[in-house]
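Working notes for the structure below.
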Amino acid sequence: MAKKNITSLPSPNVSPLIGKRRSVLFWISLITIICGFLIGLKPNNLFSNNSLKLATEFFKASISPAIDYENPVEGTEPFLKVVAESILVTLKFAILAMSVSVPAGAILAFLSTTAWWPEDIKSTTKKSLLRTLHIIARSWIAFARSIHELIWGIIFITAMGLSTEAAIVAVTIPFSGILAKIYAEIFEEHSKEAQRMFRAIGAGYFVSFLVGIIPSALPDIISYTFYRLECALRTAAVFGFVGIETIGYRIKLSSDEFHYQEVWTYLYALFITIALLEWWGGKIRVSLNNKHV
Amino acid sequence: MTKPAQKKAAFVFEEVKHCYSGVPALEKIDLKINEGEKIAIVGPSGSGKSTFLNIINASIQPTHGNIKIFGKDSHLYSPKELKALRSNISLIPQNLALVNSFRVWQNVITGGIGHYGFLKLIKNLFAPSKNKLADIHSILERVGIEEKLYSITSTLSGGQKQRVAVARSIFQSPSTILADEPVSSVDPARAASLVKILLKVAEEEEATLLMSLHNLDLAMRHFPRIIGIRNGNVHFDQSPDQISQSQLEELYELKESEILQDG
């Protein structure tokens, strides 16, 4: 057999990808500049005198967060109690939004995934019904995800008035869609060996899916759900800026009055809450993963 | 003089052929398997052994020909009858298909998945009765891992996991046990031990045992009937003492296209 002429091969010291990488970098930079130009970006605005002064004051306040009001008013509740209460309200908001989003997402995921579908489906009626449900679920998920929770919030608050209920519905719609998409992907990526085996020994489709896929997918599902809970907490804070009395509402009030030390106390409280949540989620993840060695 | 009781035919292959997207996996198989027989199915990778087993539990229907399962054509089984049939045929796949996050007793209980309704399954998986646990304990004793009753399955060794799969199979109380290369990933001593356990279980339960194997030596030493499959055809179907060396060599002979040419 004739050997190939090795001199025609690229030198092992030179990666053929380097040229490609440079070209990708060039195009990304060019697109960024064009986009910045098109939306009228003026980077020097960041460095105007007033901006710099405000930024300096803001970041200086980070080293001495408030433990009391910067401008105390008699008769108001202690500052740290208000901080704790606002964190609690934010947590309640996030947990409530998630407790609706998770079951809704799970149902939508089940309807949108093909992971539990019978492989040997013969009835055309059943096939069409499954396909129809699949398409409806997928379309709803895509629609719900495509609109940000803040836009949903504006829509619902305009329609229903400023209320926590309206804000929770607004969060639940995109969150259930996002959870459904990820759950469905997790179901589809997991090994189907146990599920197939259960089918082969007489189990129904739903039971085979439930016992064959869900237990092994559970660590990934819980891990992602915890991540979404963190997102829900941040979203709850952001909803404070449109008037829902979460921690964001307090941040906005303090910020409007240039009480940056108070702002930092709220931000640190939010950071500690998210860190604790992350730590707790990590602990659960580790214990579940230990079972899945 | 009374005649010895004649064993009934459990599976009868009548000119069975099966293709995947037009590519034949099995070609014209004609054979009969009686109830209670212990059979090893041997042959090279891709010869059609797994398809053969999948046709037996009606997981796939042959594209041509017919298979009679317990006296009835497989395509005549209604979905309900098919479910009942499958719940009576256990399967030990090569990868064992255990739920790693379950405790051992939970994995054993999944053997009864075809017999239970949804609620009964949930009850048994999460709140089993003491009697049920005692049954599982005695099954685990039979396969020699009773001390692992409450262990998480992922913490077991490969050999122990295989025994859990056998225990799951026993819990099913099947009339037929199908084992698809269950010992391909363990050392020879563990492979022999598992084959012996499965043969003993099949004997005690009076079940038919069909085991596909790569290890010819194991098959020749432990099974009274060996079916050799090559390129989707039955190459031989005999007792070990009738199989000649040349038949075995032909069974595993590489096709010209499979031989790597040097240079």
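Following the order of the structure tokens, chains are lettered A, B, ..., residues in each are numbered from 1, and ligands are numbered from 1.
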Every residue of segment 95-227 of chain B that DSSP places in helix (DSSP H, G or I), as a ChimeraX atom specification: /B:104-112,118-126,130-143,146-148,153-155,158-171,188-204,216-222
Show me a table, sorted first by chain and then by increasing residue number, of the residues of chain B having an atom at most 7 Å from chain A, each with its shortest atom pair and the distance in Å to one decimal, counting only C-alpha atoms and written as CSV.
```
residue,atom,partner,partner_atom,distance
B:Ser59,CA,A:Ala200,CA,6.1
B:Lys83,CA,A:Gly202,CA,4.5
B:Ala84,CA,A:Gly202,CA,6.5
B:Arg86,CA,A:Gly202,CA,4.6
B:Ser87,CA,A:Gly202,CA,4.5
B:Ile89,CA,A:Ile201,CA,6.3
B:Ser90,CA,A:Ile201,CA,5.9
B:Leu91,CA,A:Ile201,CA,6.8
B:Ala97,CA,A:Ala194,CA,4.3
B:Leu98,CA,A:Ala194,CA,6.2
B:Val99,CA,A:Ala194,CA,6.8
B:Asn100,CA,A:His292,CA,5.7
B:Ser101,CA,A:Lys291,CA,4.9
B:Ile113,CA,A:Ala203,CA,5.6
B:Gly114,CA,A:Gly202,CA,4.2
B:Phe118,CA,A:Val207,CA,6.6
B:Ile152,CA,A:Lys291,CA,6.5
B:Ser154,CA,A:Val293,CA,5.5
B:Gly263,CA,A:Met1,CA,5.7
```
Write the residues of the preceding selection, restricted to N, CA, C and O atoms, as a CSV table (one decimal), in the first residue's frame.
```csv
chain,number,residue,atom,x,y,z
B,59,SER,N,-40.8,-8.1,22.2
B,59,SER,CA,-40.4,-6.7,22.2
B,59,SER,C,-40.4,-6.2,20.7
B,59,SER,O,-40.6,-5.0,20.5
B,83,LYS,N,-48.8,-7.6,27.6
B,83,LYS,CA,-48.3,-7.0,28.9
B,83,LYS,C,-48.2,-8.2,29.9
B,83,LYS,O,-47.2,-8.3,30.6
B,84,ALA,N,-49.2,-9.0,29.9
B,84,ALA,CA,-49.2,-10.2,30.8
B,84,ALA,C,-48.1,-11.2,30.4
B,84,ALA,O,-47.4,-11.7,31.3
B,86,ARG,N,-45.3,-10.5,28.9
B,86,ARG,CA,-43.9,-9.9,29.2
B,86,ARG,C,-43.7,-9.9,30.7
B,86,ARG,O,-42.5,-10.1,31.1
B,87,SER,N,-44.7,-9.7,31.5
B,87,SER,CA,-44.5,-9.8,32.9
B,87,SER,C,-44.1,-11.1,33.4
B,87,SER,O,-43.7,-11.3,34.6
B,89,ILE,N,-41.9,-13.0,31.5
B,89,ILE,CA,-40.6,-13.3,30.9
B,89,ILE,C,-39.6,-12.3,31.5
B,89,ILE,O,-39.8,-11.1,31.2
B,90,SER,N,-38.7,-12.7,32.3
B,90,SER,CA,-37.7,-11.7,32.8
B,90,SER,C,-36.6,-11.5,31.8
B,90,SER,O,-36.3,-12.3,31.0
B,91,LEU,N,-35.9,-10.3,32.0
B,91,LEU,CA,-34.8,-10.0,31.1
B,91,LEU,C,-33.7,-9.4,31.9
B,91,LEU,O,-33.8,-8.6,32.8
B,97,ALA,N,-29.3,-2.7,33.5
B,97,ALA,CA,-30.5,-1.7,33.6
B,97,ALA,C,-31.0,-1.6,35.0
B,97,ALA,O,-32.2,-1.6,35.3
B,98,LEU,N,-30.1,-1.4,36.0
B,98,LEU,CA,-30.5,-1.2,37.4
B,98,LEU,C,-30.7,0.3,37.6
B,98,LEU,O,-30.1,1.1,36.9
B,99,VAL,N,-31.5,0.7,38.5
B,99,VAL,CA,-31.6,2.1,38.9
B,99,VAL,C,-30.6,2.4,40.0
B,99,VAL,O,-30.8,2.0,41.1
B,100,ASN,N,-29.5,3.0,39.6
B,100,ASN,CA,-28.4,3.2,40.5
B,100,ASN,C,-28.7,3.9,41.8
B,100,ASN,O,-28.0,3.7,42.8
B,101,SER,N,-29.6,4.9,41.8
B,101,SER,CA,-29.9,5.6,43.0
B,101,SER,C,-30.8,4.9,43.9
B,101,SER,O,-31.0,5.3,45.0
B,113,ILE,N,-42.6,-5.0,38.4
B,113,ILE,CA,-43.3,-3.8,37.8
B,113,ILE,C,-44.4,-4.1,36.8
B,113,ILE,O,-45.4,-3.4,36.6
B,114,GLY,N,-44.2,-5.2,36.1
B,114,GLY,CA,-45.3,-5.6,35.1
B,114,GLY,C,-46.5,-6.2,35.8
B,114,GLY,O,-47.6,-6.2,35.1
B,118,PHE,N,-50.0,1.3,39.0
B,118,PHE,CA,-49.2,2.5,39.4
B,118,PHE,C,-49.1,2.7,40.9
B,118,PHE,O,-48.0,2.8,41.5
B,152,ILE,N,-27.2,1.3,48.8
B,152,ILE,CA,-27.5,2.1,47.6
B,152,ILE,C,-26.8,1.3,46.4
B,152,ILE,O,-25.6,0.9,46.5
B,154,SER,N,-25.6,2.0,43.5
B,154,SER,CA,-24.4,2.5,42.9
B,154,SER,C,-23.1,2.2,43.7
B,154,SER,O,-22.0,2.3,43.2
B,263,GLY,N,-0.3,-2.9,6.2
B,263,GLY,CA,0.5,-2.4,5.1
B,263,GLY,C,-0.2,-1.6,4.1
B,263,GLY,O,-0.9,-1.2,3.7
```
Interatomic distance (Å, one decimal) between atom CA of Ile182 of chain A and atom CA of Phe126 of chain B: 27.0 Å
Set the distance at 8 Å and use only C-alpha atoms: which residues neighbour Glu278 of chain A once local chain neighbours fewer than 6 positions away are removed? I'd like the list as a CSV table (one decimal) with N, CA and C atoms, in the first residue's frame.
```
chain,number,residue,atom,x,y,z
A,226,PHE,N,-32.8,24.4,41.6
A,226,PHE,CA,-32.2,25.3,42.6
A,226,PHE,C,-31.6,26.6,41.9
A,227,TYR,N,-31.0,26.4,40.7
A,227,TYR,CA,-30.5,27.5,40.0
A,227,TYR,C,-31.7,28.5,39.6
A,230,GLU,N,-32.7,30.6,42.5
A,230,GLU,CA,-31.8,31.8,42.6
A,230,GLU,C,-32.2,32.9,41.7
```
Residues near segment 215-225 of chain B, cut-off 7 Å, only C-alpha atoms, skip fewer than 4 positions along chain, as a count of residues only: 8
Shell around segment 231-245 of chain A at 10 Å using only C-alpha atoms, local window under 2 positions removed, as a PyMOL selection string: chain A and resi 86-87+89-98+149-150+153-154+157+162-168+171-172+175+225-229+247-253+267+270-271+273-274+277
Shell of 12 Å around Gly46 of chain B, only C-alpha atoms, local chain residues under 2 positions omitted, as a ChimeraX atom specification: /B:23-26,42-44,48-52,214,229-233,252,254
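The smallest atom-to-atom distance between Lys196 of chain B and any of B:Arg163, B:Lys28, B:His64, B:Lys80, using only C-alpha atoms, is found for B:Arg163.
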Using only C-alpha atoms: which of B:Glu181, B:Leu76, B:Glu14, B:Gln172 has the shortest distance to Tyr116 of chain B: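 The answer is B:Gln172, which sits nearest to Tyr116 of chain B.
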Contacts of Phe70 of chain B at 8 Å (only C-alpha atoms; same-chain gap of 4+ positions) as a list in words: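 So the residues in contact are Ala9, Ala10 and Phe11 of chain B.
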Those in segment 1-216 of chain B with strand (DSSP E) from DSSP, as a PyMOL selection string: chain B and resi 9-20+23-34+38-42+64-69+72-73+89-92+176-180+208-213
Between atom CA of Ile39 of chain A and atom CA of Ser146 of chain A, distance in Å (one decimal): 22.1 Å
One-decimal distance in Å that lies between atom CA of Gly228 of chain B and atom CA of Ile197 of chain B: 22.7 Å
